[in-house]
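Asks: Structure file model.txt (compact mmCIF, C-alpha atoms and all ligand atoms) is given on the next line.
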# COMPACT_ATOMS: atom_id res chain seq x y z
CA MET A 26 78.32 52.20 101.09
CA ILE A 27 81.62 53.71 99.96
CA PRO A 28 84.08 55.35 102.39
CA VAL A 29 84.06 59.14 102.79
CA GLU A 30 87.60 59.52 101.40
CA GLU A 31 86.75 57.56 98.26
CA ALA A 32 83.54 59.52 97.77
CA LEU A 33 85.43 62.81 98.00
CA GLN A 34 88.08 61.60 95.59
CA ARG A 35 85.47 60.48 93.05
CA ILE A 36 83.68 63.82 93.31
CA LEU A 37 86.86 65.85 92.92
CA GLU A 38 87.87 63.85 89.83
CA LYS A 39 84.96 65.54 88.07
CA ILE A 40 85.71 69.07 89.31
CA SER A 41 88.34 71.39 87.89
CA ALA A 42 89.41 75.02 88.19
CA LEU A 43 87.20 77.49 86.33
CA PRO A 44 88.60 79.90 83.72
CA GLU A 45 90.25 83.16 84.75
CA GLU A 46 88.66 86.57 84.50
CA LEU A 47 89.88 90.09 85.07
CA VAL A 48 88.35 92.07 87.96
CA SER A 49 88.96 95.55 89.21
CA LEU A 50 90.58 95.85 92.61
CA ASP A 51 87.38 96.95 94.32
CA GLN A 52 85.86 93.57 93.37
CA ALA A 53 88.89 91.48 94.24
CA ARG A 54 88.64 90.76 97.98
CA GLY A 55 87.70 87.13 98.60
CA ARG A 56 88.52 86.09 95.03
CA VAL A 57 91.32 83.63 94.31
CA LEU A 58 94.28 85.02 92.40
CA ALA A 59 95.11 83.29 89.09
CA ARG A 60 98.21 85.26 88.05
CA PRO A 61 100.86 86.94 90.20
CA VAL A 62 100.51 90.55 91.32
CA THR A 63 103.77 92.15 90.12
CA ALA A 64 104.71 95.63 91.31
CA ARG A 65 104.62 98.25 88.56
CA VAL A 66 106.30 100.83 90.82
CA SER A 67 108.74 100.83 93.74
CA HIS A 68 107.58 101.98 97.15
CA PRO A 69 108.75 104.47 98.09
CA PRO A 70 109.89 105.51 94.62
CA LYS A 71 112.76 107.56 96.16
CA ALA A 72 114.09 107.86 99.72
CA VAL A 73 111.57 109.76 101.85
CA SER A 74 111.31 111.16 105.35
CA ALA A 75 109.42 109.12 107.93
CA MET A 76 108.88 112.19 110.17
CA ASP A 77 108.23 115.93 110.15
CA GLY A 78 111.55 117.70 110.80
CA TYR A 79 114.76 118.61 108.97
CA ALA A 80 116.71 116.72 106.35
CA VAL A 81 120.41 116.93 107.22
CA ARG A 82 123.80 115.40 106.55
CA ALA A 83 124.50 113.15 109.55
CA ALA A 84 128.16 114.26 109.44
CA ASP A 85 127.05 117.90 109.96
CA VAL A 86 125.27 117.14 113.24
CA ALA A 87 127.85 114.70 114.64
CA GLY A 88 129.06 117.42 116.98
CA ALA A 89 125.55 118.64 117.99
CA PRO A 90 124.32 120.90 119.41
CA VAL A 91 124.95 122.72 116.16
CA GLU A 92 123.24 125.41 114.07
CA LEU A 93 122.45 124.84 110.38
CA GLU A 94 121.17 127.13 107.68
CA VAL A 95 117.68 126.21 106.39
CA ALA A 96 117.97 126.01 102.61
CA GLY A 97 114.34 125.27 101.75
CA HIS A 98 111.12 123.42 102.42
CA ILE A 99 109.80 120.14 100.97
CA ALA A 100 106.26 118.86 101.50
CA ALA A 101 105.04 115.39 100.52
CA GLY A 102 104.40 115.38 96.77
CA GLU A 103 107.03 118.06 96.05
CA THR A 104 110.48 117.61 94.60
CA PHE A 105 113.59 119.61 95.52
CA SER A 106 116.10 120.08 92.77
CA ALA A 107 119.08 121.55 94.63
CA GLU A 108 121.63 119.40 96.45
CA LEU A 109 121.93 119.89 100.19
CA GLY A 110 125.28 121.47 100.86
CA PRO A 111 127.43 121.10 104.00
CA GLY A 112 126.16 123.10 106.99
CA HIS A 113 122.62 123.20 105.58
CA ALA A 114 119.29 121.61 106.46
CA VAL A 115 115.97 121.47 104.62
CA ARG A 116 112.60 121.66 106.36
CA ILE A 117 110.85 118.38 105.46
CA PHE A 118 107.56 116.62 106.16
CA THR A 119 106.49 112.99 106.47
CA GLY A 120 106.46 111.27 103.07
CA ALA A 121 108.47 114.01 101.32
CA GLN A 122 111.48 113.01 99.21
CA LEU A 123 114.92 113.70 100.68
CA PRO A 124 117.00 116.25 98.79
CA ARG A 125 120.18 114.91 97.21
CA GLY A 126 123.02 115.05 99.75
CA ALA A 127 120.78 114.55 102.81
CA ASP A 128 121.13 111.23 104.61
CA ALA A 129 119.24 111.64 107.89
CA ILE A 130 116.21 113.32 109.46
CA VAL A 131 116.16 115.26 112.71
CA ILE A 132 112.60 115.33 114.07
CA GLN A 133 111.30 118.81 114.76
CA GLU A 134 110.88 118.12 118.50
CA ASP A 135 114.69 117.83 118.70
CA THR A 136 115.31 121.24 117.12
CA GLU A 137 114.80 124.92 117.88
CA GLU A 138 114.44 127.86 115.51
CA ALA A 139 117.61 129.92 115.73
CA GLY A 140 116.72 133.14 113.94
CA GLU A 141 115.90 133.81 110.27
CA ALA A 142 116.36 130.58 108.27
CA ARG A 143 118.47 128.95 110.94
CA VAL A 144 117.81 125.87 113.05
CA LEU A 145 119.52 124.50 116.14
CA VAL A 146 119.91 120.70 116.12
CA ARG A 147 120.25 119.52 119.70
CA ASN A 148 121.59 115.99 119.30
CA PRO A 149 123.54 113.99 116.74
CA VAL A 150 121.64 111.45 114.59
CA PRO A 151 123.08 108.46 112.72
CA LYS A 152 123.01 108.14 108.93
CA GLY A 153 119.65 106.86 107.71
CA TYR A 154 117.81 108.07 110.81
CA TYR A 155 114.06 108.27 110.00
CA VAL A 156 114.82 107.78 106.32
CA ARG A 157 112.74 105.28 104.32
CA PRO A 158 115.12 104.19 101.58
CA GLU A 159 113.92 103.81 97.99
CA GLY A 160 112.08 100.50 97.54
CA LEU A 161 111.94 99.82 101.30
CA ASP A 162 108.47 98.26 100.97
CA PHE A 163 108.91 96.73 97.50
CA GLN A 164 110.76 97.25 94.24
CA ALA A 165 109.17 97.43 90.78
CA GLY A 166 109.03 93.85 89.49
CA ASP A 167 108.62 92.27 92.94
CA ILE A 168 105.84 89.68 93.29
CA GLY A 169 103.37 90.91 95.89
CA VAL A 170 100.81 88.08 95.88
CA SER A 171 101.22 84.64 94.34
CA PRO A 172 98.53 82.72 92.45
CA GLY A 173 96.26 80.34 94.35
CA LYS A 174 95.71 82.71 97.27
CA ARG A 175 92.32 83.97 98.36
CA LEU A 176 92.73 87.73 98.41
CA SER A 177 92.44 89.42 101.78
CA VAL A 178 91.91 93.11 102.43
CA ARG A 179 95.69 93.32 103.00
CA ASP A 180 96.41 91.79 99.60
CA VAL A 181 94.08 94.30 97.94
CA ALA A 182 95.93 97.11 99.70
CA LEU A 183 99.28 95.76 98.49
CA ALA A 184 98.07 95.38 94.88
CA ALA A 185 96.81 98.97 94.99
CA ALA A 186 100.16 100.22 96.30
CA MET A 187 101.88 98.24 93.52
CA ASN A 188 99.72 100.16 91.03
CA VAL A 189 97.99 97.02 89.75
CA PRO A 190 94.33 98.07 89.43
CA TRP A 191 93.09 94.89 87.66
CA LEU A 192 93.68 91.34 88.83
CA HIS A 193 93.38 87.96 87.12
CA VAL A 194 91.22 85.76 89.35
CA TYR A 195 89.35 82.50 88.89
CA ARG A 196 85.72 82.90 87.93
CA LYS A 197 83.30 82.47 90.84
CA PRO A 198 81.58 79.07 90.78
CA ARG A 199 77.89 79.34 89.92
CA VAL A 200 76.13 76.74 92.01
CA ALA A 201 72.45 75.96 91.56
CA VAL A 202 70.59 74.89 94.70
CA LEU A 203 67.31 73.00 94.65
CA ALA A 204 65.45 71.97 97.80
CA THR A 205 62.81 69.27 97.49
CA GLY A 206 59.79 68.03 99.42
CA ASP A 207 56.07 68.64 99.71
CA GLU A 208 56.53 69.20 103.42
CA VAL A 209 58.78 72.26 103.24
CA VAL A 210 57.87 75.89 102.58
CA MET A 211 60.03 78.94 102.00
CA PRO A 212 61.10 80.85 105.13
CA GLY A 213 58.50 83.54 105.75
CA ASP A 214 55.64 81.49 104.26
CA ALA A 215 52.99 80.04 106.57
CA PRO A 216 53.57 76.28 106.91
CA GLY A 217 50.48 74.04 106.51
CA PRO A 218 49.49 71.70 109.37
CA ALA A 219 52.00 68.99 108.29
CA GLN A 220 54.66 71.29 106.92
CA ILE A 221 57.95 72.74 108.20
CA VAL A 222 60.07 75.64 107.08
CA SER A 223 62.89 74.91 104.64
CA SER A 224 66.25 75.72 106.15
CA ASN A 225 68.43 73.78 103.73
CA GLY A 226 68.05 75.84 100.56
CA LEU A 227 69.03 79.09 102.21
CA ALA A 228 71.70 77.42 104.34
CA LEU A 229 73.34 75.99 101.22
CA CYS A 230 73.12 79.30 99.36
CA SER A 231 74.68 81.09 102.26
CA PHE A 232 77.41 78.43 102.57
CA ILE A 233 78.19 78.75 98.85
CA GLU A 234 78.43 82.53 99.05
CA ALA A 235 80.61 82.32 102.17
CA CYS A 236 82.96 79.96 100.29
CA GLY A 237 83.31 82.42 97.40
CA GLY A 238 80.67 81.07 95.02
CA THR A 239 77.52 82.54 93.53
CA ALA A 240 74.38 80.67 94.58
CA LEU A 241 71.43 80.32 92.21
CA ASN A 242 68.47 79.43 94.38
CA LEU A 243 66.06 77.32 92.30
CA GLY A 244 63.48 77.15 95.11
CA ILE A 245 61.65 74.08 96.36
CA ALA A 246 60.53 71.28 94.05
CA PRO A 247 57.50 69.28 95.14
CA ASP A 248 57.66 65.49 95.37
CA ASN A 249 56.47 64.78 91.84
CA ALA A 250 58.77 63.81 89.04
CA GLU A 251 57.41 66.17 86.41
CA ALA A 252 57.75 69.29 88.54
CA LEU A 253 61.14 68.15 89.85
CA ASN A 254 62.52 67.65 86.32
CA SER A 255 61.17 70.95 85.21
CA MET A 256 62.57 72.91 88.14
CA ILE A 257 65.95 71.19 88.08
CA SER A 258 66.40 72.17 84.45
CA GLY A 259 67.07 75.67 85.82
CA ALA A 260 70.54 74.38 86.71
CA ARG A 261 71.56 74.24 83.05
CA GLY A 262 74.70 76.33 82.60
CA ALA A 263 75.66 76.18 86.29
CA ASP A 264 79.08 74.85 87.28
CA LEU A 265 77.55 72.56 89.90
CA LEU A 266 74.08 71.55 91.05
CA VAL A 267 73.31 70.78 94.68
CA THR A 268 70.00 69.27 95.71
CA THR A 269 68.79 68.61 99.22
CA GLY A 270 66.23 66.03 100.28
CA GLY A 271 64.66 63.14 98.41
CA ALA A 272 67.94 61.21 98.32
CA SER A 273 66.90 58.26 100.43
CA VAL A 274 64.83 55.13 99.79
CA GLY A 275 61.23 56.27 100.43
CA GLU A 276 58.74 56.23 97.55
CA HIS A 277 58.64 60.04 97.62
CA ASP A 278 62.43 60.28 97.39
CA LEU A 279 62.80 61.05 93.69
CA ILE A 280 66.33 62.32 93.31
CA ARG A 281 67.87 58.93 92.57
CA SER A 282 65.07 57.45 90.48
CA GLY A 283 63.03 60.32 89.07
CA LEU A 284 65.51 62.49 87.16
CA HIS A 285 65.53 61.90 83.40
CA ASP A 286 69.00 63.28 82.68
CA LEU A 287 70.86 61.91 85.70
CA ARG A 288 73.93 59.74 85.17
CA MET A 289 74.75 58.51 88.65
CA ASP A 290 78.34 57.96 89.73
CA PHE A 291 77.61 56.72 93.25
CA TRP A 292 74.94 56.74 95.92
CA LYS A 293 75.24 55.99 99.65
CA ILE A 294 78.34 56.51 101.68
CA ALA A 295 79.63 55.25 105.02
CA MET A 296 79.02 58.53 106.83
CA ARG A 297 76.79 59.74 109.64
CA PRO A 298 75.07 62.03 109.07
CA GLY A 299 74.99 61.92 105.28
CA LYS A 300 74.48 58.28 104.30
CA PRO A 301 72.22 58.78 101.25
CA LEU A 302 74.58 61.24 99.53
CA LEU A 303 74.50 60.95 95.76
CA PHE A 304 76.93 62.16 93.13
CA GLY A 305 76.50 62.18 89.38
CA GLN A 306 75.96 64.37 86.40
CA LEU A 307 72.72 65.97 85.31
CA GLY A 308 73.24 66.58 81.62
CA GLU A 309 76.56 68.44 81.58
CA VAL A 310 76.38 69.64 85.18
CA PRO A 311 78.03 67.75 88.07
CA MET A 312 75.40 67.12 90.71
CA LEU A 313 75.71 66.58 94.43
CA GLY A 314 72.51 65.18 95.95
CA LEU A 315 72.58 65.92 99.68
CA PRO A 316 70.29 64.25 102.23
CA GLY A 317 67.33 66.28 103.47
CA ASN A 318 68.04 66.22 107.18
CA PRO A 319 69.35 69.72 107.85
CA VAL A 320 72.44 68.66 109.80
CA SER A 321 73.26 66.04 107.16
CA THR A 322 73.01 68.70 104.47
CA LEU A 323 75.38 71.09 106.21
CA VAL A 324 77.91 68.48 107.35
CA CYS A 325 78.00 67.14 103.78
CA ALA A 326 78.43 70.69 102.53
CA LEU A 327 81.48 71.04 104.75
CA VAL A 328 83.00 67.70 103.77
CA PHE A 329 82.14 67.59 100.04
CA LEU A 330 80.82 70.90 98.73
CA ARG A 331 83.54 73.08 100.23
CA PRO A 332 86.39 71.13 98.54
CA CYS A 333 84.50 71.39 95.22
CA LEU A 334 84.15 75.15 95.60
CA ASP A 335 87.83 75.45 96.56
CA ARG A 336 88.95 73.45 93.55
CA MET A 337 86.75 75.39 91.12
CA GLN A 338 88.32 78.59 92.44
CA GLY A 339 91.86 77.31 91.94
CA LEU A 340 92.58 76.71 95.63
CA SER A 341 94.69 73.68 96.33
CA GLU A 342 93.59 73.16 99.95
CA GLY A 343 90.26 71.33 99.87
CA LYS A 344 90.99 68.90 102.64
CA GLN A 345 89.51 69.72 106.02
CA LYS A 346 92.07 70.54 108.67
CA MET A 347 91.76 68.08 111.55
CA GLU A 348 92.94 68.81 115.06
CA THR A 349 92.97 66.71 118.22
CA ALA A 350 91.18 67.24 121.51
CA ARG A 351 90.67 65.09 124.61
CA LEU A 352 87.23 63.74 125.39
CA VAL A 353 85.42 65.13 128.44
CA GLU A 354 83.17 62.04 128.45
CA GLY A 355 83.62 58.57 126.95
CA LEU A 356 81.98 57.41 123.69
CA SER A 357 80.64 53.98 122.81
CA GLU A 358 82.03 51.95 119.91
CA ASN A 359 81.31 53.35 116.45
CA ASP A 360 79.59 51.32 113.72
CA ARG A 361 80.66 51.12 110.05
CA ARG A 362 79.87 54.77 109.21
CA GLN A 363 82.40 57.58 109.69
CA ASP A 364 80.77 59.74 112.34
CA TYR A 365 80.70 63.55 112.53
CA MET A 366 79.39 64.26 116.05
CA ARG A 367 78.23 67.70 117.05
CA ALA A 368 80.31 68.86 120.04
CA LEU A 369 81.53 71.70 122.21
CA LEU A 370 85.20 72.61 122.61
CA GLU A 371 86.38 73.42 126.14
CA HIS A 372 89.71 73.71 127.97
CA ASP A 373 91.00 71.64 130.89
CA ALA A 374 92.78 73.06 133.95
CA GLU A 375 96.14 73.01 132.11
CA GLY A 376 94.68 74.85 129.12
CA GLY A 377 94.55 71.73 126.90
CA LEU A 378 91.78 71.46 124.32
CA THR A 379 88.93 69.17 125.34
CA VAL A 380 85.68 68.27 123.61
CA ARG A 381 82.25 67.21 124.77
CA ALA A 382 79.81 65.48 122.40
CA ALA A 383 76.25 66.83 122.39
CA PRO A 384 73.91 64.46 124.25
CA ARG A 385 71.59 64.01 121.22
CA GLN A 386 73.00 63.54 117.76
CA ASP A 387 69.75 63.54 115.76
CA SER A 388 70.42 64.90 112.28
CA SER A 389 67.28 67.03 112.34
CA MET A 390 68.63 69.20 115.19
CA LEU A 391 69.86 72.49 113.78
CA SER A 392 69.83 74.04 117.26
CA THR A 393 72.56 71.61 118.34
CA LEU A 394 74.58 72.24 115.17
CA SER A 395 74.27 75.98 115.56
CA HIS A 396 75.51 75.87 119.17
CA SER A 397 78.33 73.42 118.45
CA THR A 398 81.89 74.63 118.02
CA ALA A 399 83.33 71.43 116.55
CA LEU A 400 82.56 68.05 115.03
CA ILE A 401 84.21 64.97 116.53
CA VAL A 402 85.25 62.83 113.56
CA ARG A 403 85.30 59.10 114.30
CA PRO A 404 86.47 56.56 111.73
CA PRO A 405 84.34 53.51 110.98
CA HIS A 406 84.51 50.88 113.76
CA ASP A 407 86.35 53.23 116.12
CA PRO A 408 86.49 51.32 119.45
CA ALA A 409 84.85 52.67 122.62
CA ARG A 410 86.68 55.72 123.96
CA GLN A 411 87.22 56.84 127.56
CA ALA A 412 87.24 60.33 129.01
CA GLY A 413 90.72 61.76 128.39
CA ASP A 414 91.27 59.89 125.09
CA ALA A 415 92.40 61.99 122.13
CA VAL A 416 89.98 62.24 119.20
CA SER A 417 90.04 64.06 115.86
CA ILE A 418 87.97 67.20 115.58
CA LEU A 419 86.99 69.66 112.89
CA ARG A 420 86.45 73.18 114.12
CA LEU A 421 83.19 74.72 113.02
CA ASP A 422 84.18 78.30 113.73
CA ASN A 423 86.87 78.61 111.05
CA GLN A 424 85.80 76.20 108.34
CA VAL A 425 84.34 78.83 106.09
CA TYR A 426 87.07 81.18 104.93
CA PRO A 427 87.62 84.27 107.06
CA MET A 428 86.04 87.39 105.57
N1 LIG A 501 64.19 53.26 105.52
C1 LIG A 501 65.15 54.17 105.54
N2 LIG A 501 64.84 55.44 105.81
C2 LIG A 501 65.78 56.38 105.84
C3 LIG A 501 67.11 56.02 105.57
C4 LIG A 501 67.42 54.69 105.26
O1 LIG A 501 68.56 54.31 105.00
N3 LIG A 501 66.40 53.80 105.24
N4 LIG A 501 68.08 56.98 105.66
C5 LIG A 501 67.80 58.04 106.60
C6 LIG A 501 68.82 59.03 106.53
S1 LIG A 501 70.32 58.62 107.19
C7 LIG A 501 68.59 60.27 106.06
S2 LIG A 501 69.85 61.44 106.13
C8 LIG A 501 67.33 60.69 105.52
C9 LIG A 501 67.57 61.44 104.20
O2 LIG A 501 66.48 61.38 103.44
P1 LIG A 501 66.22 62.24 102.16
O3 LIG A 501 67.46 62.78 101.59
O4 LIG A 501 65.38 61.42 101.28
O5 LIG A 501 65.45 63.49 102.71
P2 LIG A 501 63.91 63.68 102.97
O6 LIG A 501 63.29 62.35 103.23
O7 LIG A 501 63.40 64.47 101.87
O8 LIG A 501 63.97 64.50 104.27
C10 LIG A 501 64.60 64.05 105.43
C11 LIG A 501 64.23 64.99 106.57
O9 LIG A 501 64.72 66.26 106.30
C12 LIG A 501 63.69 67.23 106.28
N5 LIG A 501 63.94 68.20 105.19
C13 LIG A 501 63.95 67.92 103.88
N6 LIG A 501 64.21 69.04 103.17
C14 LIG A 501 64.37 70.01 104.06
C15 LIG A 501 64.65 71.40 103.94
N7 LIG A 501 64.80 71.99 102.75
N8 LIG A 501 64.75 72.14 105.07
C16 LIG A 501 64.59 71.55 106.28
N9 LIG A 501 64.32 70.24 106.45
C17 LIG A 501 64.21 69.48 105.36
C18 LIG A 501 62.46 66.43 105.98
O10 LIG A 501 61.30 67.08 106.40
C19 LIG A 501 62.74 65.15 106.73
O11 LIG A 501 62.43 65.29 108.10
O12 LIG A 501 66.49 59.57 105.29
C20 LIG A 501 66.43 58.68 106.40
N10 LIG A 501 65.46 57.68 106.13
O1 LIG A 502 72.80 60.01 107.49
MO1 LIG A 502 71.37 60.66 107.91
O2 LIG A 502 72.17 61.94 107.17
O3 LIG A 502 72.08 60.22 109.45
O4 LIG A 502 70.59 61.52 109.08
Would you mind writing the file's structure down as structure tokens?
Ligand SMILES: Nc1nc2c(c(=O)[nH]1)N[C@H]1C(S)=C(S)[C@@H](COP(=O)(O)OP(=O)(O)OC[C@H]3O[C@@H](n4cnc5c(N)ncnc54)[C@H](O)[C@@H]3O)O[C@H]1N2
Ligand code: MOO
Replies:
Amino acid sequence: MIPVEEALQRILEKISALPEELVSLDQARGRVLARPVTARVSHPPKAVSAMDGYAVRAADVAGAPVELEVAGHIAAGETFSAELGPGHAVRIFTGAQLPRGADAIVIQEDTEEAGEARVLVRNPVPKGYYVRPEGLDFQAGDIGVSPGKRLSVRDVALAAAMNVPWLHVYRKPRVAVLATGDEVVMPGDAPGPAQIVSSNGLALCSFIEACGGTALNLGIAPDNAEALNSMISGARGADLLVTTGGASVGEHDLIRSGLHDLRMDFWKIAMRPGKPLLFGQLGEVPMLGLPGNPVSTLVCALVFLRPCLDRMQGLSEGKQKMETARLVEGLSENDRRQDYMRALLEHDAEGGLTVRAAPRQDSSMLSTLSHSTALIVRPPHDPARQAGDAVSILRLDNQVYPM
């Protein structure tokens, strides 16, 4: 059994960033940027008013109250060619460009009409008051978003404002998913008397999509080598193949022994759940063989599949972010497998983070996994722990990237 860290390293050695492609902005959210977003315009392109009111010279209203002559009217989108002379104001609206000579805005609430084309300004305003100077937000040539970032809605908004309608992003990883086993049927089908419903195929597809990949669901292969080889050939051309089930030692477990084109790198790791994990290459396609127990499949997806998807998309992260929490109840000594225990996060009276392991850790129990908010990660041979001891945890609520 090889350690988890070594297994991850050996997997990642075989995974690299996919080529770039160009996408339109409306397809860009959630993709990982491959080249910088560089502003093609400045924002605002010229100084503009931040309020509805009057553009003035601050020096003219220094002795307010004072009356000014209204020399014109500028709405957003209009330009005003004349220069604002001393003793004059121009009626202006939010987003409209300031006339030359104006250096401040008086909001309309602080004015009064004073006859035909005249306005009374009640109070003085400083230079620059309610003026958005040219390039306040960004200047043409500024870098808005740097490569290697997964694009948020805010990044898309910024790229749009920078007038960059197409972005270079890494291609989405295409990941083929094959579930195996005579005992599992597709969700929605009626299970036979000794059958259960397959959760793993759909769970993996949904995990892959949530991590920014495209899942190719190859269905469920029965436990016979011919059908398995035929169905798995559907993964040709994918960037990665993930199987679930059939990875262990039983005579119906065919993933390790029954695949014609498999070149195995390693099998079996010091991890619970997830011991029979397999990694290799099926033809040209890297292949991750996950154990069939549903919790094992998903914990392995978090620990191994997620870093692969990140790397293929050009993200440098990849490593899971560990935190610490104090145990609510003690734990007995760990054996030689790194343990990922399903658990609930809580807070103590002082607001400190605490964690409580689920009473049953059976790797078939999806209900426990679904209700858990964290995994307690215990290294091999971790000694017995008492209530109050600090342990490492992985949060389950923020492991998949925020939408
Ligand atoms: N003698 C031994 N038996 C087992 C060992 C071992 O070392 N020696 N390892 C155990 C461990 S740990 C695990 S994990 C499982 C993994 O076995 P497989 O990867 O071969 O998976 P299966 O045997 O096919 O299935 C295990 C379990 O999961 C259920 N399953 C399978 N596919 C799905 C699916 N798509 N959706 C939901 N549930 C699924 C299946 O019905 C079994 O209950 O092996 C242990 N045995
Ligand atoms: O390692 Mo298995 O994945 O414990 O249940």
Asks: Please determine, counting all atoms listed in the file, which residue among A:Ile245, A:Leu400, A:Ala107, A:Leu37 has the shortest atom-to-atom distance to ligand LIG 501 (chain A).
Replies: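 The closest residue to ligand LIG 501 (chain A) is A:Ile245.
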Asks: Compile the contact shell of range 86-103 of chain A as an MDAnalysis selection string: residues with an atom at most 9 Å away, counting all atoms listed in the file, same-chain residues fewer than 3 positions apart removed.
Replies: chainID A and resid 73:74 79 81:83 109:124 139 141:151
Asks: Near Ile233 in chain A, within 10 Å and counting only C-alpha atoms, which residues show up once chain neighbours fewer than 5 positions away are dropped, as an MDAnalysis selection string?
Replies: chainID A and resid 198:202 227:228 238:241 326 330:331 334 425
Asks: Pick out the residues no farther than 9 Å from ligand LIG 501 (chain A), counting all atoms listed in the file, and list them as a ChimeraX atom specification.
Replies: /A:203-211,220-228,245,248,269-275,277-280,293,296-302,314-322,388-389
Asks: Give me the box for ligand LIG 502 (chain A) as AutoDock Vina command-line options, namely the centre and edge lengths in Å to one decimal of a box along x, y and z that holds every listed atom plus 3 Å on each side.
Replies:
--center_x 71.7 --center_y 61.0 --center_z 108.3 --size_x 8.2 --size_y 7.9 --size_z 8.3
Asks: Do you know which residues are at most 6 Å from Arg60 in chain A counting only C-alpha atoms, after dropping those on the same chain fewer than 2 positions away, and could you put them as JSON, numbers by chain?
Replies: {"A": [58, 172, 193]}
Asks: For each of A:Leu327, A:Leu43, A:Ala295, A:Val402, take the minimum atom-to-atom distance to ligand LIG 502 (chain A), counting only C-alpha atoms and all ligand atoms, then give the residue where this is smallest.
Replies: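 Of all the options, A:Ala295 lies closest to ligand LIG 502 (chain A).
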Asks: I'd like the neighbourhood of Leu303 in chain A as a ChimeraX atom specification, where a residue qualifies if any of its atoms comes within 6 Å (using only C-alpha atoms), though same-chain residues fewer than 2 positions away should be ignored.
Replies: /A:291-292,313-314
Asks: Which is closer to Asn254 in chain A than all the others in A:Ser41, A:Gln338, A:Thr104, A:Ser282, using all atoms listed in the file?
Replies: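 For Asn254 in chain A, the nearest of the given residues is A:Ser282.
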Asks: Could you tell me which of A:Ile168, A:Val324, A:Leu176, A:Leu243 comes closest to ligand LIG 502 (chain A) if we count only C-alpha atoms and all ligand atoms?
Replies: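 That would be A:Val324, the residue with the smallest distance to ligand LIG 502 (chain A).
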Asks: From the set A:Glu38, A:Glu134, A:Asp167, A:Glu30, which residue has the shortest atom-to-atom contact distance to Met337 in chain A, counting only C-alpha atoms?
Replies: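 Selected residue with least distance to Met337 in chain A: A:Glu38.
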Asks: Report the distance between CA of Gly160 in chain A and CA of Met187 in chain A in Å, rounded to one decimal place.
Replies: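 Separating CA of Gly160 in chain A from CA of Met187 in chain A is a distance of 11.2 Å.
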Asks: Would you mind telling me which residue in A:Met347, A:Val57, A:Ala246, A:Val66 lies nearest to Ala185 in chain A when using all atoms listed in the file?
Replies: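 Ranking A:Met347, A:Val57, A:Ala246, A:Val66 by distance to Ala185 in chain A, first place goes to A:Val66.
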Asks: Between CA of Val29 in chain A and CA of Asp422 in chain A, what distance in Å does the model show, to one decimal?
Replies: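 Spanning CA of Val29 in chain A to CA of Asp422 in chain A is a straight-line distance of 22.1 Å.
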Asks: Report, in Å to a single decimal, how far apart atom O1 of ligand LIG 502 (chain A) and CA of Met390 in chain A are.
Replies: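 Going from CA of Met390 in chain A over to atom O1 of ligand LIG 502 (chain A), I get 12.7 Å.
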Asks: What's around Tyr154 in chain A at 8 Å? Count all atoms listed in the file, leave out sequence neighbours fewer than 6 positions away in its own chain, and write the answer as a list in words.
Replies: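 These residues fall inside the cut-off: Asp128, Ala129, Ile130 and Val131 of chain A.
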